[in-house]
Amino acid sequence: RTNIWWFGTNMDDNTANLLNIIFFVPFGVMVTCIQGVEKGWRRLLMTGCYSFLMSLSIELLQYITIRGYSEFVDLETNVAGGLLGAAFIMIVDQCKESRKETIGEE
């Protein structure tokens, strides 16, 4: 069974997809924090690539070992979770910079 849509026809699919997103948010946070030198879109792009590679590795292992279900939608939702984690860190970093500028002006 191949599911290519983020939100399936029943609650179990929706829950699984939401959990895939939630489970990859910490990965996105960690990868983005490690890339301290990178800035802006490149940082977000690299986190997306790392999330994709990690998710692809997991899905291939599931396929090879016949454990769990290997689905394309898992790749999409895992990358989305990683990007959400990256966006969260980038917003926090931007707020820190704004605060530093505001405090420096006083």
# chains A, B, ... in the order shown; residues from 1 in each chain; ligands from 1
>>> residues_around(residues="segment 23-36 of chain A", least_positions_apart="4", cutoff="12 Å", atoms="only C-alpha atoms", output="number ranges by chain")
A: 15-19, 40-55, 74-93
>>> select_by_dssp(residues="chain A", states="alpha helix (DSSP H)", output="number ranges by chain")
A: 11-34, 40-65, 72-105
>>> closest_residue(among="A:Glu38, A:Asp13, A:Leu60, A:Glu97", to="Val73 of chain A", atoms="only C-alpha atoms")
A:Asp13
